[in-house]
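K.L.:
my_file.csv (CSV, N, CA and C atoms and all ligand atoms) pasted underneath:
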```csv
chain,number,residue,atom,x,y,z
A,1,MET,N,39.9,39.9,-27.9
A,1,MET,CA,41.0,39.6,-26.9
A,1,MET,C,40.4,39.3,-25.6
A,2,LYS,N,40.9,38.2,-25.0
A,2,LYS,CA,40.5,37.8,-23.6
A,2,LYS,C,41.8,37.7,-22.8
A,3,VAL,N,41.6,38.2,-21.6
A,3,VAL,CA,42.8,38.1,-20.7
A,3,VAL,C,42.4,37.3,-19.4
A,4,SER,N,43.3,36.5,-18.9
A,4,SER,CA,43.0,35.7,-17.7
A,4,SER,C,44.3,35.8,-16.9
A,5,VAL,N,44.1,35.4,-15.6
A,5,VAL,CA,45.2,35.4,-14.6
A,5,VAL,C,45.2,34.1,-13.9
A,6,ASP,N,46.4,33.7,-13.6
A,6,ASP,CA,46.6,32.6,-12.7
A,6,ASP,C,47.0,33.2,-11.3
A,7,VAL,N,46.0,33.3,-10.5
A,7,VAL,CA,46.3,34.0,-9.2
A,7,VAL,C,47.3,33.3,-8.3
A,8,ASP,N,47.5,32.0,-8.6
A,8,ASP,CA,48.6,31.3,-7.8
A,8,ASP,C,49.9,31.8,-8.2
A,9,LEU,N,50.1,32.4,-9.4
A,9,LEU,CA,51.4,32.9,-9.8
A,9,LEU,C,51.5,34.4,-9.4
A,10,CYS,N,50.4,35.1,-9.4
A,10,CYS,CA,50.4,36.6,-9.2
A,10,CYS,C,51.0,36.9,-7.8
A,11,GLN,N,51.9,37.8,-7.8
A,11,GLN,CA,52.5,38.2,-6.5
A,11,GLN,C,52.3,39.7,-6.2
A,12,GLY,N,51.4,40.3,-6.9
A,12,GLY,CA,50.9,41.7,-6.6
A,12,GLY,C,51.9,42.7,-6.9
A,13,HIS,N,52.8,42.5,-7.9
A,13,HIS,CA,53.8,43.5,-8.3
A,13,HIS,C,53.2,44.8,-8.9
A,14,ALA,N,52.0,44.6,-9.5
A,14,ALA,CA,51.2,45.7,-10.1
A,14,ALA,C,51.8,46.3,-11.4
A,15,VAL,N,52.7,45.6,-12.0
A,15,VAL,CA,53.2,46.0,-13.3
A,15,VAL,C,52.0,46.1,-14.3
A,16,CYS,N,51.2,45.1,-14.2
A,16,CYS,CA,50.0,45.1,-15.1
A,16,CYS,C,49.2,46.3,-14.9
A,17,GLN,N,48.9,46.8,-13.7
A,17,GLN,CA,48.1,48.0,-13.4
A,17,GLN,C,48.8,49.2,-14.0
A,18,ALA,N,50.1,49.2,-13.9
A,18,ALA,CA,50.9,50.4,-14.5
A,18,ALA,C,50.7,50.4,-16.0
A,19,GLU,N,50.7,49.2,-16.6
A,19,GLU,CA,50.7,49.2,-18.1
A,19,GLU,C,49.3,49.4,-18.6
A,20,ALA,N,48.3,48.9,-17.9
A,20,ALA,CA,46.9,48.9,-18.4
A,20,ALA,C,45.9,49.1,-17.2
A,21,PRO,N,45.9,50.4,-16.7
A,21,PRO,CA,45.1,50.6,-15.5
A,21,PRO,C,43.6,50.5,-15.7
A,22,THR,N,43.1,50.5,-16.9
A,22,THR,CA,41.7,50.3,-17.1
A,22,THR,C,41.3,48.8,-17.1
A,23,VAL,N,42.3,48.0,-17.2
A,23,VAL,CA,42.0,46.5,-17.3
A,23,VAL,C,42.4,45.8,-16.0
A,24,PHE,N,43.4,46.2,-15.3
A,24,PHE,CA,43.9,45.6,-14.1
A,24,PHE,C,43.9,46.5,-12.9
A,25,ALA,N,43.5,46.0,-11.8
A,25,ALA,CA,43.6,46.7,-10.5
A,25,ALA,C,44.3,45.8,-9.5
A,26,VAL,N,45.3,46.3,-8.8
A,26,VAL,CA,46.0,45.5,-7.8
A,26,VAL,C,45.9,46.2,-6.5
A,27,PRO,N,45.3,45.6,-5.5
A,27,PRO,CA,45.3,46.2,-4.2
A,27,PRO,C,46.7,46.2,-3.6
A,28,THR,N,46.8,47.0,-2.5
A,28,THR,CA,48.1,47.2,-1.9
A,28,THR,C,48.7,45.8,-1.4
A,29,ARG,N,47.8,45.0,-0.9
A,29,ARG,CA,48.2,43.7,-0.5
A,29,ARG,C,47.2,42.7,-1.2
A,30,GLY,N,47.7,41.9,-2.1
A,30,GLY,CA,46.8,41.0,-2.7
A,30,GLY,C,47.1,40.7,-4.1
A,31,HIS,N,46.1,40.1,-4.8
A,31,HIS,CA,46.3,39.7,-6.1
A,31,HIS,C,45.6,40.6,-7.1
A,32,VAL,N,46.0,40.5,-8.3
A,32,VAL,CA,45.4,41.4,-9.4
A,32,VAL,C,43.9,41.0,-9.5
A,33,GLU,N,43.2,42.1,-9.8
A,33,GLU,CA,41.8,41.9,-10.1
A,33,GLU,C,41.6,42.4,-11.6
A,34,ILE,N,41.0,41.5,-12.4
A,34,ILE,CA,40.8,41.9,-13.8
A,34,ILE,C,39.5,42.7,-13.9
A,35,LEU,N,39.6,44.0,-14.3
A,35,LEU,CA,38.4,44.8,-14.4
A,35,LEU,C,37.7,44.6,-15.7
A,36,ASP,N,38.4,44.2,-16.7
A,36,ASP,CA,37.8,44.0,-18.0
A,36,ASP,C,38.4,42.8,-18.7
A,37,ALA,N,37.8,41.6,-18.6
A,37,ALA,CA,38.3,40.4,-19.1
A,37,ALA,C,38.3,40.3,-20.6
A,38,SER,N,37.6,41.2,-21.3
A,38,SER,CA,37.6,41.2,-22.7
A,38,SER,C,37.8,42.6,-23.2
A,39,PRO,N,39.0,43.1,-23.0
A,39,PRO,CA,39.3,44.5,-23.4
A,39,PRO,C,39.3,44.7,-24.9
A,40,GLY,N,38.9,45.9,-25.2
A,40,GLY,CA,38.8,46.3,-26.7
A,40,GLY,C,40.2,46.5,-27.3
A,41,SER,N,40.1,46.6,-28.6
A,41,SER,CA,41.4,46.8,-29.4
A,41,SER,C,42.1,48.1,-29.0
A,42,ASP,N,41.3,49.1,-28.5
A,42,ASP,CA,41.9,50.4,-28.1
A,42,ASP,C,43.0,50.2,-27.0
A,43,VAL,N,42.9,49.2,-26.2
A,43,VAL,CA,43.9,49.0,-25.2
A,43,VAL,C,44.7,47.7,-25.4
A,44,SER,N,44.6,47.1,-26.5
A,44,SER,CA,45.3,45.9,-26.8
A,44,SER,C,46.8,46.0,-26.6
A,45,ALA,N,47.4,47.1,-27.0
A,45,ALA,CA,48.9,47.3,-26.8
A,45,ALA,C,49.2,47.3,-25.3
A,46,GLU,N,48.4,48.0,-24.6
A,46,GLU,CA,48.7,48.1,-23.1
A,46,GLU,C,48.6,46.7,-22.5
A,47,VAL,N,47.5,46.0,-22.8
A,47,VAL,CA,47.3,44.7,-22.3
A,47,VAL,C,48.4,43.7,-22.6
A,48,GLU,N,48.9,43.8,-23.9
A,48,GLU,CA,50.0,42.9,-24.3
A,48,GLU,C,51.2,43.3,-23.6
A,49,ASN,N,51.5,44.5,-23.3
A,49,ASN,CA,52.6,44.9,-22.5
A,49,ASN,C,52.5,44.4,-21.1
A,50,ALA,N,51.3,44.5,-20.5
A,50,ALA,CA,51.1,44.0,-19.2
A,50,ALA,C,51.4,42.5,-19.1
A,51,VAL,N,50.9,41.7,-20.1
A,51,VAL,CA,51.2,40.3,-20.1
A,51,VAL,C,52.7,40.0,-20.3
A,52,ARG,N,53.3,40.8,-21.1
A,52,ARG,CA,54.7,40.6,-21.4
A,52,ARG,C,55.6,40.9,-20.2
A,53,TYR,N,55.3,41.9,-19.5
A,53,TYR,CA,56.1,42.4,-18.4
A,53,TYR,C,55.8,41.9,-17.0
A,54,CYS,N,54.7,41.2,-16.9
A,54,CYS,CA,54.4,40.6,-15.6
A,54,CYS,C,55.5,39.7,-15.2
A,55,PRO,N,56.1,40.0,-14.0
A,55,PRO,CA,57.4,39.3,-13.6
A,55,PRO,C,57.1,37.9,-13.3
A,56,THR,N,55.9,37.5,-13.0
A,56,THR,CA,55.7,36.1,-12.7
A,56,THR,C,54.9,35.3,-13.8
A,57,GLN,N,54.7,36.0,-14.9
A,57,GLN,CA,54.0,35.5,-16.1
A,57,GLN,C,52.6,34.9,-15.7
A,58,ALA,N,52.0,35.6,-14.8
A,58,ALA,CA,50.7,35.2,-14.3
A,58,ALA,C,49.5,35.4,-15.3
A,59,LEU,N,49.8,36.3,-16.2
A,59,LEU,CA,48.7,36.7,-17.2
A,59,LEU,C,48.8,36.0,-18.5
A,60,SER,N,47.7,35.7,-19.1
A,60,SER,CA,47.7,35.1,-20.4
A,60,SER,C,46.6,35.7,-21.3
A,61,LEU,N,46.8,35.6,-22.6
A,61,LEU,CA,45.9,36.2,-23.5
A,61,LEU,C,45.3,35.2,-24.5
A,62,ALA,N,44.1,35.4,-24.9
A,62,ALA,CA,43.5,34.6,-26.0
A,62,ALA,C,43.0,35.7,-27.0
A,63,ASP,N,43.2,35.4,-28.3
A,63,ASP,CA,42.9,36.4,-29.3
A,63,ASP,C,41.4,36.5,-29.5
A,64,GLY,N,40.7,35.5,-29.2
A,64,GLY,CA,39.2,35.6,-29.4
A,64,GLY,C,38.6,34.3,-29.1
A,65,GLY,N,37.3,34.2,-29.3
A,65,GLY,CA,36.6,33.0,-29.0
A,65,GLY,C,36.5,32.7,-27.6
A,66,ASP,N,36.0,31.6,-27.2
A,66,ASP,CA,35.8,31.3,-25.8
A,66,ASP,C,36.8,30.3,-25.2
A,67,ALA,N,37.7,29.8,-26.0
A,67,ALA,CA,38.7,28.9,-25.5
A,67,ALA,C,39.7,29.6,-24.6
A,68,PRO,N,40.0,29.0,-23.5
A,68,PRO,CA,41.0,29.6,-22.6
A,68,PRO,C,42.3,29.5,-23.2
A,69,SER,N,43.2,30.5,-22.9
A,69,SER,CA,44.5,30.5,-23.4
A,69,SER,C,45.3,29.4,-22.8
A,70,PRO,N,46.0,28.6,-23.6
A,70,PRO,CA,46.9,27.6,-23.1
A,70,PRO,C,48.1,28.3,-22.4
A,71,LYS,N,48.5,27.7,-21.3
A,71,LYS,CA,49.6,28.2,-20.5
A,71,LYS,C,51.0,27.8,-21.1
A,72,GLY,N,51.0,26.7,-21.9
A,72,GLY,CA,52.2,26.3,-22.5
A,72,GLY,C,53.2,25.7,-21.4
A,73,THR,N,52.7,25.0,-20.4
A,73,THR,CA,53.5,24.5,-19.4
A,73,THR,C,53.8,23.0,-19.5
A,74,ASP,N,53.2,22.4,-20.6
A,74,ASP,CA,53.4,20.9,-20.6
A,74,ASP,C,54.6,20.5,-21.4
B,1,LIG,S1,52.1,42.2,-12.9
B,1,LIG,FE1,51.7,40.0,-12.7
B,1,LIG,S2,52.3,39.5,-10.6
B,1,LIG,FE2,52.1,41.7,-10.7
B,1,LIG,S3,50.0,42.1,-10.1
B,1,LIG,FE3,50.0,41.9,-12.3
B,1,LIG,S4,49.5,39.8,-12.7
B,1,LIG,FE4,50.1,39.9,-10.6
```
Re-express the file's structure as structure tokens.
P.N.:
Amino acid sequence: MKVSVDVDLCQGHAVCQAEAPTVFAVPTRGHVEILDASPGSDVSAEVENAVRYCPTQALSLADGGDAPSPKGTD
């Protein structure tokens, strides 16, 4: 699993940090920082929740490999 963020979309709501604090850190003012871009399966449920509940859909996942996750905006 790989996780990436579009910082242009991130508004610092910190939902992701609440869902997966070992993977995401959000400063009081600013954008999310990904602490672990390739989180293990032990936190996959938390990371999936973070991606799902991010209010601006700034986060995206890839299941594996090196290809970046498509954003599906086309
Ligand atoms: S939940 Fe989304 S908008 Fe909020 S800090 Fe995390 S990535 Fe940014």
K.L.:
Can you work out which residues are within 8 Å of ligand LIG 1 (chain B), considering only C-alpha atoms and all ligand atoms, and then hand them over as a list in words?
P.N.:
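These are the residues that qualify: Val5, Asp6, Val7, Leu9, Cys10, Gln11, Gly12, His13, Ala14, Val15, Cys16, Gln17, Phe24, Ala25, Val26, His31, Val32, Ala50, Val51, Tyr53, Cys54, Pro55, Thr56, Gln57, Ala58 and Leu59 of chain A.
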K.L.:
To test your reading of the structure, identify every residue in segment 22-64 of chain A that backbone DSSP assigns to helix (DSSP H, G or I), and report it as a PyMOL selection string.
P.N.:
chain A and resi 41-53
K.L.:
In Å, rounded to a single decimal, give me how far atom CA of Pro27 of chain A is from atom CA of Val47 of chain A.
P.N.:
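If I compute the distance from atom CA of Val47 of chain A to atom CA of Pro27 of chain A, I get 18.3 Å.
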K.L.:
When you draw a straight line from atom C of Thr22 of chain A to atom N of Asp8 of chain A, how long is it in Å?
P.N.:
19.8 Å
K.L.:
Just how far from atom N of Gly30 of chain A is atom CA of Leu61 of chain A, in Å to one decimal?
P.N.:
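Atom-to-atom, atom CA of Leu61 of chain A and atom N of Gly30 of chain A are spaced 22.2 Å apart.
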